[in-house]
$ cat target_11.txt   # compact mmCIF, C-alpha atoms
# COMPACT_ATOMS: atom_id res chain seq x y z
CA MET A 163 7.19 -33.67 25.39
CA THR A 164 6.84 -37.18 24.12
CA ASP A 165 6.76 -36.15 20.45
CA GLN A 166 10.20 -34.96 19.47
CA PRO A 167 10.24 -32.67 16.43
CA SER A 168 12.15 -34.01 13.48
CA LYS A 169 13.37 -31.74 10.71
CA PRO A 170 10.99 -32.07 7.76
CA ALA A 171 11.86 -31.73 4.12
CA PRO A 172 11.76 -28.10 2.97
CA GLY A 173 8.15 -26.98 2.61
CA ALA A 174 6.74 -30.20 4.09
CA ARG A 175 3.88 -30.08 6.53
CA PRO A 176 4.94 -31.09 10.03
CA PRO A 177 3.98 -34.49 11.45
CA ALA A 178 1.18 -34.80 13.95
CA VAL A 179 1.45 -33.55 17.51
CA GLN A 180 -0.24 -36.29 19.48
CA THR A 181 0.62 -35.86 23.16
CA VAL A 182 1.88 -33.44 25.77
CA ASN A 183 3.73 -35.06 28.67
CA GLY A 184 2.38 -38.45 27.66
CA ARG A 185 -1.26 -37.37 27.49
CA PRO A 186 -3.27 -36.95 24.26
CA LEU A 187 -3.88 -33.38 23.23
CA PRO A 188 -7.50 -32.27 23.52
CA GLY A 189 -8.89 -32.23 20.01
CA ALA A 190 -6.15 -34.45 18.57
CA ARG A 191 -7.12 -37.75 17.05
CA PRO A 192 -5.05 -40.79 16.15
CA ILE A 193 -3.72 -40.80 12.62
CA PRO A 194 -5.01 -43.95 10.95
CA GLY A 195 -3.08 -46.33 8.78
CA PRO A 196 0.62 -46.96 8.38
CA THR A 197 1.14 -43.94 6.12
CA GLY A 198 0.37 -41.45 8.89
CA LEU A 199 -2.01 -39.54 6.61
CA PRO A 200 -5.55 -38.56 7.57
CA ARG A 201 -8.24 -40.95 6.48
CA SER A 202 -9.60 -38.40 4.02
CA ILE A 203 -6.54 -38.59 1.76
CA ILE A 204 -5.27 -42.15 2.16
CA GLY A 205 -4.81 -43.66 -1.26
CA GLY A 206 -5.85 -40.41 -2.90
CA VAL A 207 -3.61 -37.38 -3.17
CA LYS A 208 0.14 -37.43 -3.42
CA ALA A 209 0.25 -34.63 -0.88
CA ARG A 210 2.74 -34.08 1.89
CA GLN A 211 1.93 -35.42 5.32
CA ARG A 212 -0.70 -33.47 7.19
CA PRO A 213 0.05 -32.09 10.65
CA GLY A 214 -1.93 -33.23 13.64
CA ALA A 215 -4.96 -31.37 14.92
CA LEU A 216 -4.40 -28.58 17.41
CA PRO A 217 -6.38 -28.59 20.65
CA VAL A 218 -9.54 -26.49 20.79
CA PRO A 219 -11.40 -25.93 24.08
CA ALA A 220 -14.56 -27.98 24.39
CA GLU A 221 -16.18 -25.08 26.23
CA ARG A 222 -15.27 -21.57 25.16
CA GLY A 223 -15.59 -19.82 28.51
CA VAL A 224 -12.47 -17.76 27.82
CA SER A 225 -11.25 -16.01 24.68
CA ALA A 226 -7.59 -15.87 23.64
CA LEU A 227 -7.24 -12.53 21.88
CA THR A 228 -4.71 -10.38 20.05
CA PRO A 229 -3.10 -7.74 22.32
CA ALA A 230 -3.58 -4.07 21.42
CA PRO A 231 0.13 -3.46 20.51
CA VAL A 232 -0.23 -6.04 17.72
CA LEU A 233 -3.22 -4.12 16.34
CA ASP A 234 -1.11 -0.95 16.43
CA ARG A 235 1.72 -2.68 14.56
CA TRP A 236 -0.74 -3.94 11.94
CA ASN A 237 -2.15 -0.42 11.56
CA ALA A 238 1.33 0.96 10.94
CA ASP A 239 2.81 -1.74 8.70
CA ALA A 240 0.14 -3.91 7.12
CA ALA A 241 -3.35 -2.37 7.11
CA GLY A 242 -4.83 -2.08 3.65
CA ILE A 243 -2.42 -4.44 1.87
CA ARG A 244 -4.35 -6.43 -0.72
CA PRO A 245 -3.57 -8.56 -3.80
CA ALA A 246 -2.50 -6.49 -6.77
CA ALA A 247 -4.74 -8.40 -9.18
CA LEU A 248 -8.38 -7.37 -9.14
CA ASP A 249 -9.67 -10.77 -10.26
CA ARG A 250 -9.08 -13.90 -8.20
CA GLY A 251 -9.63 -17.55 -8.90
CA ASP A 252 -12.60 -19.39 -7.43
CA ASN A 253 -10.21 -21.51 -5.35
CA VAL A 254 -8.89 -18.55 -3.32
CA ILE A 255 -9.76 -17.93 0.34
CA THR A 256 -8.99 -14.42 1.60
CA MET A 257 -8.34 -13.60 5.25
CA PHE A 258 -8.10 -9.80 5.46
CA GLU A 259 -9.98 -9.40 8.74
CA VAL A 260 -9.58 -10.41 12.37
CA ILE A 261 -9.81 -14.09 13.20
CA GLY A 262 -13.12 -15.00 14.81
CA GLU A 263 -16.47 -13.26 14.66
CA ASP A 264 -16.04 -9.48 14.68
CA TRP A 265 -18.72 -7.75 16.72
CA TRP A 266 -17.76 -4.31 15.39
CA THR A 267 -18.03 -5.07 11.69
CA GLY A 268 -20.22 -8.16 11.51
CA GLY A 269 -17.37 -9.89 9.62
CA GLY A 270 -14.35 -11.85 10.75
CA VAL A 271 -12.79 -15.12 9.63
CA THR A 272 -14.35 -18.19 11.24
CA ALA A 273 -13.88 -21.93 10.93
CA LYS A 274 -17.50 -22.22 9.79
CA LYS A 275 -16.93 -19.80 6.90
CA VAL A 276 -13.65 -21.43 5.88
CA ALA A 277 -15.24 -24.90 5.94
CA ALA A 278 -18.07 -23.64 3.68
CA GLN A 279 -15.54 -22.14 1.25
CA LEU A 280 -13.59 -25.38 1.12
CA ARG A 281 -16.76 -27.33 0.38
CA ALA A 282 -17.50 -24.96 -2.48
CA ILE A 283 -13.96 -25.29 -3.85
CA GLY A 284 -14.08 -29.06 -3.69
CA ASP A 285 -11.23 -31.45 -4.38
CA ARG A 286 -8.84 -28.86 -5.82
CA PRO A 287 -5.70 -27.03 -4.68
CA VAL A 288 -6.42 -23.96 -2.56
CA GLU A 289 -4.73 -20.58 -2.20
CA VAL A 290 -5.12 -18.80 1.14
CA GLN A 291 -4.28 -15.08 1.16
CA ILE A 292 -3.59 -13.69 4.64
CA ASN A 293 -3.25 -10.17 5.98
CA SER A 294 -4.61 -10.32 9.51
CA PRO A 295 -3.55 -9.15 12.98
CA GLY A 296 -5.04 -12.31 14.44
CA GLY A 297 -7.90 -12.22 16.90
CA ASP A 298 -9.46 -15.18 18.66
CA MET A 299 -6.60 -17.68 19.00
CA PHE A 300 -8.94 -20.61 19.63
CA GLU A 301 -10.90 -19.84 16.46
CA GLY A 302 -7.54 -19.75 14.67
CA LEU A 303 -6.74 -23.24 15.96
CA ALA A 304 -10.10 -24.45 14.66
CA ILE A 305 -9.46 -22.89 11.22
CA TYR A 306 -6.04 -24.55 11.13
CA ASN A 307 -7.71 -27.88 11.84
CA VAL A 308 -10.24 -27.32 9.03
CA LEU A 309 -7.52 -26.45 6.50
CA ARG A 310 -5.33 -29.42 7.40
CA GLU A 311 -8.15 -31.78 6.43
CA HIS A 312 -8.33 -30.47 2.86
CA PRO A 313 -7.34 -33.28 0.45
CA GLN A 314 -5.31 -31.10 -1.94
CA ASP A 315 -2.29 -28.83 -1.62
CA ILE A 316 -2.70 -25.49 0.12
CA THR A 317 -0.58 -22.46 -0.77
CA VAL A 318 -0.56 -19.73 1.86
CA LYS A 319 0.40 -16.20 0.83
CA VAL A 320 1.25 -13.80 3.67
CA MET A 321 0.51 -10.52 1.92
CA GLY A 322 0.96 -8.12 4.83
CA MET A 323 0.98 -9.77 8.24
CA ALA A 324 0.04 -13.14 9.71
CA ALA A 325 0.05 -12.35 13.40
CA SER A 326 -1.09 -14.29 16.43
CA ALA A 327 -3.93 -16.65 15.45
CA ALA A 328 -3.30 -15.92 11.76
CA SER A 329 0.27 -17.25 12.09
CA VAL A 330 -1.13 -20.58 13.28
CA ILE A 331 -3.42 -20.71 10.26
CA ALA A 332 -0.43 -20.08 7.97
CA MET A 333 1.24 -23.24 9.26
CA ALA A 334 -1.45 -25.33 7.52
CA GLY A 335 0.05 -24.50 4.12
CA ASP A 336 2.02 -27.00 2.06
CA THR A 337 3.83 -23.95 0.71
CA VAL A 338 4.03 -20.62 2.54
CA GLN A 339 4.93 -17.54 0.50
CA ILE A 340 5.57 -14.19 2.18
CA GLY A 341 6.24 -10.64 1.02
CA ALA A 342 9.69 -9.22 1.69
CA ALA A 343 8.11 -6.46 3.81
CA SER A 344 5.50 -8.77 5.37
CA PHE A 345 5.63 -10.32 8.82
CA ILE A 346 4.78 -13.50 10.68
CA MET A 347 4.26 -12.82 14.38
CA ILE A 348 4.05 -15.54 17.02
CA HIS A 349 3.24 -15.34 20.73
CA ASN A 350 1.62 -17.27 23.54
CA CYS A 351 -2.15 -17.39 24.02
CA TRP A 352 -3.14 -13.97 25.36
CA VAL A 353 -6.26 -13.61 27.46
CA VAL A 354 -7.88 -11.04 29.71
CA ALA A 355 -8.66 -12.55 33.11
CA ALA A 356 -9.65 -11.31 36.56
CA GLY A 357 -9.46 -12.90 39.98
CA ASN A 358 -7.10 -13.87 42.75
CA ARG A 359 -3.86 -15.87 42.53
CA ASN A 360 -5.75 -19.16 42.51
CA ASP A 361 -7.83 -17.99 39.57
CA MET A 362 -4.69 -16.84 37.73
CA ALA A 363 -2.98 -20.18 38.39
CA GLU A 364 -6.02 -21.99 36.98
CA VAL A 365 -5.95 -19.85 33.83
CA ALA A 366 -2.21 -20.45 33.40
CA GLU A 367 -2.71 -24.19 33.72
CA PHE A 368 -5.56 -24.06 31.22
CA LEU A 369 -3.43 -22.19 28.63
CA ALA A 370 -0.24 -24.26 28.95
CA PRO A 371 -1.26 -27.16 26.64
CA PHE A 372 -2.29 -24.75 23.88
CA ASP A 373 1.03 -22.89 24.03
CA GLN A 374 2.91 -26.19 23.99
CA ALA A 375 0.93 -27.54 21.04
CA MET A 376 1.50 -24.34 19.04
CA ALA A 377 5.23 -24.41 19.81
CA ASP A 378 5.34 -28.00 18.53
CA VAL A 379 3.60 -27.13 15.26
CA TYR A 380 5.86 -24.11 14.71
CA ALA A 381 8.86 -26.34 15.45
CA GLN A 382 7.79 -29.15 13.16
CA ARG A 383 7.00 -26.75 10.35
CA SER A 384 10.30 -24.88 10.69
CA GLY A 385 12.65 -27.70 11.70
CA ARG A 386 13.61 -25.71 14.82
CA THR A 387 13.27 -27.08 18.32
CA ALA A 388 10.12 -26.58 20.35
CA ALA A 389 12.23 -24.77 22.95
CA GLU A 390 13.41 -22.25 20.35
CA CYS A 391 9.88 -21.63 19.17
CA ALA A 392 8.59 -21.33 22.73
CA LYS A 393 11.25 -18.69 23.39
CA TRP A 394 10.17 -16.72 20.32
CA MET A 395 6.57 -17.01 21.48
CA ASP A 396 7.53 -15.71 24.94
CA GLN A 397 9.18 -12.71 23.26
CA GLU A 398 6.21 -11.98 20.95
CA THR A 399 8.47 -12.23 17.90
CA TYR A 400 7.92 -10.54 14.54
CA MET A 401 9.70 -12.21 11.61
CA SER A 402 10.14 -10.32 8.35
CA GLY A 403 9.88 -12.20 5.07
CA SER A 404 13.57 -13.07 4.87
CA VAL A 405 13.77 -14.02 8.55
CA ALA A 406 10.64 -16.19 8.31
CA ILE A 407 12.21 -18.06 5.39
CA GLU A 408 15.56 -18.38 7.16
CA ARG A 409 13.85 -19.85 10.23
CA GLY A 410 11.65 -22.20 8.20
CA PHE A 411 8.29 -20.54 8.87
CA ALA A 412 7.94 -19.71 5.17
CA ASP A 413 9.34 -21.14 1.95
CA GLU A 414 9.70 -18.33 -0.57
CA LEU A 415 9.21 -14.63 -1.18
CA LEU A 416 6.23 -13.18 -3.00
CA SER A 417 7.17 -10.94 -5.89
CA ALA A 418 6.68 -7.26 -5.13
CA ASP A 419 4.06 -6.83 -7.85
CA GLN A 420 1.65 -9.29 -6.20
CA THR A 421 0.52 -6.80 -3.53
CA LYS A 422 -0.68 -3.22 -3.37
CA VAL A 423 -1.94 -0.83 -0.69
CA ASP A 424 -5.64 -0.04 -0.85
CA GLU A 425 -5.82 3.37 0.89
CA LYS A 426 -9.56 3.14 1.56
CA ALA A 427 -9.17 -0.30 3.10
CA LYS A 428 -6.17 0.93 5.09
CA ALA A 429 -8.17 3.79 6.64
CA SER A 430 -11.06 1.47 7.46
CA ASP A 431 -8.77 -1.23 8.90
CA ALA A 432 -6.96 1.27 11.12
CA ALA A 433 -10.15 2.93 12.37
CA VAL A 434 -11.77 -0.36 13.38
CA ASN A 435 -8.57 -1.52 15.08
CA ASP A 436 -8.51 1.65 17.19
CA VAL A 437 -11.97 0.76 18.49
CA ARG A 438 -10.90 -2.86 19.13
CA ALA A 439 -7.89 -1.58 21.09
CA MET A 440 -10.18 0.60 23.23
CA GLU A 441 -12.42 -2.37 23.92
CA LEU A 442 -9.44 -4.49 25.04
CA ALA A 443 -8.19 -1.70 27.29
CA LEU A 444 -11.56 -1.37 29.01
CA VAL A 445 -11.81 -5.14 29.49
CA ALA A 446 -8.28 -5.20 30.92
CA GLY A 447 -9.45 -2.56 33.39
CA GLY A 448 -12.17 -4.87 34.68
CA ALA A 449 -15.17 -4.11 32.45
CA THR A 450 -17.10 -6.89 30.79
CA ARG A 451 -16.98 -6.93 27.00
CA GLY A 452 -20.63 -5.89 26.94
CA ASP A 453 -19.98 -2.93 29.22
CA ALA A 454 -16.89 -1.94 27.23
CA ARG A 455 -18.83 -1.94 23.98
CA ALA A 456 -21.68 0.05 25.51
CA ARG A 457 -19.26 2.71 26.80
CA ILE A 458 -17.54 3.00 23.44
CA ASN A 459 -20.89 3.29 21.69
CA LYS A 460 -21.83 6.22 23.92
CA ILE A 461 -18.82 8.06 22.52
CA LYS A 462 -18.64 6.64 19.01
CA GLY A 463 -22.17 5.70 18.03
CA THR A 464 -23.71 2.37 17.15
CA PRO A 465 -21.82 -0.80 16.13
CA GLY A 466 -21.07 -0.60 12.45
CA ALA A 467 -20.90 3.19 12.45
CA VAL A 468 -17.15 2.84 12.77
CA LEU A 469 -17.09 1.54 9.20
CA GLU A 470 -18.84 4.56 7.70
CA PRO A 471 -16.27 6.80 5.97
CA ALA A 472 -17.91 9.89 7.48
CA ASP A 473 -17.33 8.55 10.99
CA THR A 474 -13.84 7.07 10.80
CA PRO A 475 -10.89 8.99 12.25
CA GLY A 476 -8.75 10.31 9.42
CA ALA A 477 -11.38 9.47 6.81
CA GLY A 478 -13.03 12.87 6.45
CA GLY A 479 -15.62 12.64 9.24
CA ASP A 480 -16.40 14.97 12.13
CA PRO A 481 -12.96 16.34 13.17
CA GLU A 482 -14.00 16.94 16.80
CA LEU A 483 -15.40 13.43 17.18
CA ALA A 484 -12.34 11.92 15.48
CA ALA A 485 -10.03 13.90 17.78
CA ALA A 486 -11.99 12.80 20.88
CA ILE A 487 -11.75 9.15 19.89
CA GLU A 488 -8.04 9.48 19.15
CA ARG A 489 -7.41 11.09 22.58
CA LEU A 490 -9.36 8.27 24.22
CA ALA A 491 -7.35 5.66 22.30
CA GLN A 492 -4.06 7.32 23.27
CA SER A 493 -5.05 7.44 26.95
CA PHE A 494 -5.73 3.70 26.89
CA ARG A 495 -2.37 2.98 25.29
CA SER A 496 -0.37 5.12 27.72
$ encode --input "target_11.txt" --output "structure tokens"
Amino acid sequence: MTDQPSKPAPGARPPAVQTVNGRPLPGARPIPGPTGLPRSIIGGVKARQRPGALPVPAERGVSALTPAPVLDRWNADAAGIRPAALDRGDNVITMFEVIGEDWWTGGGVTAKKVAAQLRAIGDRPVEVQINSPGGDMFEGLAIYNVLREHPQDITVKVMGMAASAASVIAMAGDTVQIGAASFIMIHNCWVVAAGNRNDMAEVAEFLAPFDQAMADVYAQRSGRTAAECAKWMDQETYMSGSVAIERGFADELLSADQTKVDEKAKASDAAVNDVRAMELALVAGGATRGDARARINKIKGTPGAVLEPADTPGAGGDPELAAAIERLAQSFRS
């Protein structure tokens, strides 16, 4: 690494990551002016220094996804956690879904949606509420890049879990608040690939700069070394609220009364994640994503049916169908 992380002031955004092994990161751009701030805020806001852009593939021929065990952990510990207050300000962006377009629900958090929300908010501070198991890591990098360009302060609130791609998004906050029972989870880019050893070597080489850039941003945000962060990424590390604060990934705890568990949302979140886990298992077994979705639909029904309360396991639907889906899910996990 040519950019050595320096320990920032508490809560400060990390400085830009510009190069890996002397070469510019794909997607990174020079930071103009002597202040080191993006052009959009020079001479304007008295904000902390913005971090550099993270690399995003020019061609998205491969998807970096969230592994099924992370979805299971989210089901058990974080599904259904929502803000306690029913009304929210018009400067709040919520991320309570997977990152990236979600084929199963028609939702998902995308850079395009976040950019549109920021345009609507305008030149004002922003609050980003996160409870997400992650999803498409590369879409998460793009969302991080969009948020870092906002000209006002960003407060990130980790209300349940910010895992995988969602943990990268959280690093764009000037201030990161986290619940005592919430988690930040970091890991390396995770993809499903097929081929011989040469193909696998090519994929590994393709992923290495993204892992390195993420380790640098985690390090610069936390004040830890890139090597420490890379080790935690290798271990697929979950950090509770207190641990995340101790390690510098968050700044302060959310009060307990700021979150609640929405049981209906929890059941829906868990049911959809079971289907996503089945899809990943089929793809890992060699099926294309299209084939995997078609096979699941033969058992489950049409896309979107998973969201209907009458069809979701544990939500009062057909007990035999629910049991069949659960057995299928368990066989994939074993």
$ atom_distance --input "target_11.txt" --atom1 "CA of Ala355 (chain A)" --atom2 "CA of Ala238 (chain A)"
27.8 Å
$ atom_distance --input "target_11.txt" --atom1 "CA of Met440 (chain A)" --atom2 "CA of Gly268 (chain A)"
17.7 Å
$ closest_residue --input "target_11.txt" --among "A:Cys391, A:Val437, A:Leu416, A:Phe345" --to "Met376 (chain A)" --atoms "only C-alpha atoms"
A:Cys391
$ residues_near_point --input "target_11.txt" --point "(-5.3, -23.0, 14.0)" --cutoff "8 Å" --atoms "all atoms listed in the file" --output "mmCIF file with C-alpha atoms, keeping the file's coordinate frame"
data_model
loop_
_atom_site.group_PDB
_atom_site.id
_atom_site.type_symbol
_atom_site.label_atom_id
_atom_site.label_comp_id
_atom_site.auth_asym_id
_atom_site.auth_seq_id
_atom_site.Cartn_x
_atom_site.Cartn_y
_atom_site.Cartn_z
ATOM 1 C CA LEU A 216 -4.400 -28.580 17.410
ATOM 2 C CA MET A 299 -6.600 -17.680 19.000
ATOM 3 C CA PHE A 300 -8.940 -20.610 19.630
ATOM 4 C CA GLU A 301 -10.900 -19.840 16.460
ATOM 5 C CA GLY A 302 -7.540 -19.750 14.670
ATOM 6 C CA LEU A 303 -6.740 -23.240 15.960
ATOM 7 C CA ALA A 304 -10.100 -24.450 14.660
ATOM 8 C CA ILE A 305 -9.460 -22.890 11.220
ATOM 9 C CA TYR A 306 -6.040 -24.550 11.130
ATOM 10 C CA ASN A 307 -7.710 -27.880 11.840
ATOM 11 C CA ALA A 327 -3.930 -16.650 15.450
ATOM 12 C CA ALA A 328 -3.300 -15.920 11.760
ATOM 13 C CA VAL A 330 -1.130 -20.580 13.280
ATOM 14 C CA ILE A 331 -3.420 -20.710 10.260
ATOM 15 C CA ALA A 334 -1.450 -25.330 7.520
#
$ closest_residue --input "target_11.txt" --among "A:Ile407, A:Ala278, A:Ala389, A:Ile316" --to "Gly335 (chain A)" --atoms "only C-alpha atoms"
A:Ile316
$ atom_distance --input "target_11.txt" --atom1 "CA of Ala325 (chain A)" --atom2 "CA of Val232 (chain A)"
7.7 Å
$ residues_around --input "target_11.txt" --residues "Ile348 (chain A)" --least-positions-apart "5" --cutoff "6 Å" --atoms "all atoms listed in the file" --output "ChimeraX atom specification"
/A:326,395,398-399
$ closest_residue --input "target_11.txt" --among "A:Pro217, A:Gly322, A:Gly262, A:Gly447" --to "Asp378 (chain A)" --atoms "only C-alpha atoms"
A:Pro217
$ axis_aligned_box --input "target_11.txt" --around "region 345-357 of chain A" --padding-each-side "5 Å" --output "JSON"
{"center_x": -2.0, "center_y": -13.9, "center_z": 24.4, "size_x": 25.3, "size_y": 17.1, "size_z": 41.2}
$ closest_residue --input "target_11.txt" --among "A:Lys422, A:Val353, A:Ile283, A:Tyr380" --to "Ser225 (chain A)" --atoms "only C-alpha atoms"
A:Val353
$ residues_around --input "target_11.txt" --residues "region 400-403 of chain A" --least-positions-apart "2" --cutoff "7 Å" --atoms "all atoms listed in the file" --output "number ranges by chain"
A: 340-348, 398, 405-407, 415
$ closest_residue --input "target_11.txt" --among "A:Ala456, A:Leu442, A:Ala432, A:Val379" --to "Gly242 (chain A)" --atoms "all atoms listed in the file"
A:Ala432
$ residues_around --input "target_11.txt" --residues "Val318 (chain A)" --least-positions-apart "3" --cutoff "12 Å" --atoms "all atoms listed in the file" --output "ChimeraX atom specification"
/A:173,254-257,287-293,306,309,315,321,323-324,328-341,411-416
$ build_atoms --input "target_11.txt" --residues "region 356-374 of chain A" --atoms "N, CA, C and O atoms" --output "PDB file, in the coordinates of the input"
ATOM      1  N   ALA A 356      -9.551 -12.023  35.292  1.00  0.00           N
ATOM      2  CA  ALA A 356      -9.650 -11.310  36.560  1.00  0.00           C
ATOM      3  C   ALA A 356      -9.839 -12.327  37.670  1.00  0.00           C
ATOM      4  O   ALA A 356     -10.431 -13.387  37.476  1.00  0.00           O
ATOM      5  N   GLY A 357      -9.306 -11.997  38.843  1.00  0.00           N
ATOM      6  CA  GLY A 357      -9.460 -12.900  39.980  1.00  0.00           C
ATOM      7  C   GLY A 357      -8.236 -12.878  40.877  1.00  0.00           C
ATOM      8  O   GLY A 357      -7.318 -12.066  40.698  1.00  0.00           O
ATOM      9  N   ASN A 358      -8.219 -13.803  41.833  1.00  0.00           N
ATOM     10  CA  ASN A 358      -7.100 -13.870  42.750  1.00  0.00           C
ATOM     11  C   ASN A 358      -6.017 -14.808  42.213  1.00  0.00           C
ATOM     12  O   ASN A 358      -6.121 -15.314  41.091  1.00  0.00           O
ATOM     13  N   ARG A 359      -4.984 -15.067  43.013  1.00  0.00           N
ATOM     14  CA  ARG A 359      -3.860 -15.870  42.530  1.00  0.00           C
ATOM     15  C   ARG A 359      -4.291 -17.288  42.165  1.00  0.00           C
ATOM     16  O   ARG A 359      -3.726 -17.899  41.246  1.00  0.00           O
ATOM     17  N   ASN A 360      -5.281 -17.818  42.851  1.00  0.00           N
ATOM     18  CA  ASN A 360      -5.750 -19.160  42.510  1.00  0.00           C
ATOM     19  C   ASN A 360      -6.433 -19.166  41.141  1.00  0.00           C
ATOM     20  O   ASN A 360      -6.268 -20.101  40.347  1.00  0.00           O
ATOM     21  N   ASP A 361      -7.194 -18.104  40.878  1.00  0.00           N
ATOM     22  CA  ASP A 361      -7.830 -17.990  39.570  1.00  0.00           C
ATOM     23  C   ASP A 361      -6.772 -17.859  38.470  1.00  0.00           C
ATOM     24  O   ASP A 361      -6.881 -18.475  37.408  1.00  0.00           O
ATOM     25  N   MET A 362      -5.740 -17.048  38.729  1.00  0.00           N
ATOM     26  CA  MET A 362      -4.690 -16.840  37.730  1.00  0.00           C
ATOM     27  C   MET A 362      -3.917 -18.144  37.476  1.00  0.00           C
ATOM     28  O   MET A 362      -3.552 -18.456  36.336  1.00  0.00           O
ATOM     29  N   ALA A 363      -3.676 -18.899  38.549  1.00  0.00           N
ATOM     30  CA  ALA A 363      -2.980 -20.180  38.390  1.00  0.00           C
ATOM     31  C   ALA A 363      -3.821 -21.149  37.558  1.00  0.00           C
ATOM     32  O   ALA A 363      -3.295 -21.894  36.723  1.00  0.00           O
ATOM     33  N   GLU A 364      -5.131 -21.110  37.749  1.00  0.00           N
ATOM     34  CA  GLU A 364      -6.020 -21.990  36.980  1.00  0.00           C
ATOM     35  C   GLU A 364      -5.998 -21.613  35.505  1.00  0.00           C
ATOM     36  O   GLU A 364      -5.970 -22.484  34.620  1.00  0.00           O
ATOM     37  N   VAL A 365      -6.001 -20.301  35.221  1.00  0.00           N
ATOM     38  CA  VAL A 365      -5.950 -19.850  33.830  1.00  0.00           C
ATOM     39  C   VAL A 365      -4.629 -20.257  33.187  1.00  0.00           C
ATOM     40  O   VAL A 365      -4.587 -20.726  32.043  1.00  0.00           O
ATOM     41  N   ALA A 366      -3.522 -20.083  33.928  1.00  0.00           N
ATOM     42  CA  ALA A 366      -2.210 -20.450  33.400  1.00  0.00           C
ATOM     43  C   ALA A 366      -2.144 -21.945  33.083  1.00  0.00           C
ATOM     44  O   ALA A 366      -1.604 -22.355  32.041  1.00  0.00           O
ATOM     45  N   GLU A 367      -2.706 -22.751  33.966  1.00  0.00           N
ATOM     46  CA  GLU A 367      -2.710 -24.190  33.720  1.00  0.00           C
ATOM     47  C   GLU A 367      -3.570 -24.539  32.506  1.00  0.00           C
ATOM     48  O   GLU A 367      -3.218 -25.424  31.713  1.00  0.00           O
ATOM     49  N   PHE A 368      -4.678 -23.824  32.356  1.00  0.00           N
ATOM     50  CA  PHE A 368      -5.560 -24.060  31.220  1.00  0.00           C
ATOM     51  C   PHE A 368      -4.868 -23.727  29.897  1.00  0.00           C
ATOM     52  O   PHE A 368      -5.022 -24.427  28.891  1.00  0.00           O
ATOM     53  N   LEU A 369      -4.059 -22.653  29.869  1.00  0.00           N
ATOM     54  CA  LEU A 369      -3.430 -22.190  28.630  1.00  0.00           C
ATOM     55  C   LEU A 369      -2.197 -22.993  28.241  1.00  0.00           C
ATOM     56  O   LEU A 369      -1.843 -23.037  27.061  1.00  0.00           O
ATOM     57  N   ALA A 370      -1.526 -23.608  29.213  1.00  0.00           N
ATOM     58  CA  ALA A 370      -0.240 -24.260  28.950  1.00  0.00           C
ATOM     59  C   ALA A 370      -0.278 -25.278  27.815  1.00  0.00           C
ATOM     60  O   ALA A 370       0.607 -25.270  26.943  1.00  0.00           O
ATOM     61  N   PRO A 371      -1.259 -26.182  27.740  1.00  0.00           N
ATOM     62  CA  PRO A 371      -1.260 -27.160  26.640  1.00  0.00           C
ATOM     63  C   PRO A 371      -1.398 -26.525  25.260  1.00  0.00           C
ATOM     64  O   PRO A 371      -0.840 -27.029  24.292  1.00  0.00           O
ATOM     65  N   PHE A 372      -2.120 -25.411  25.179  1.00  0.00           N
ATOM     66  CA  PHE A 372      -2.290 -24.750  23.880  1.00  0.00           C
ATOM     67  C   PHE A 372      -0.976 -24.110  23.434  1.00  0.00           C
ATOM     68  O   PHE A 372      -0.591 -24.213  22.264  1.00  0.00           O
ATOM     69  N   ASP A 373      -0.272 -23.460  24.370  1.00  0.00           N
ATOM     70  CA  ASP A 373       1.030 -22.890  24.030  1.00  0.00           C
ATOM     71  C   ASP A 373       2.003 -23.977  23.602  1.00  0.00           C
ATOM     72  O   ASP A 373       2.756 -23.811  22.638  1.00  0.00           O
ATOM     73  N   GLN A 374       1.998 -25.101  24.319  1.00  0.00           N
ATOM     74  CA  GLN A 374       2.910 -26.190  23.990  1.00  0.00           C
ATOM     75  C   GLN A 374       2.600 -26.781  22.620  1.00  0.00           C
ATOM     76  O   GLN A 374       3.500 -27.040  21.812  1.00  0.00           O
TER      77      GLN A 374
END
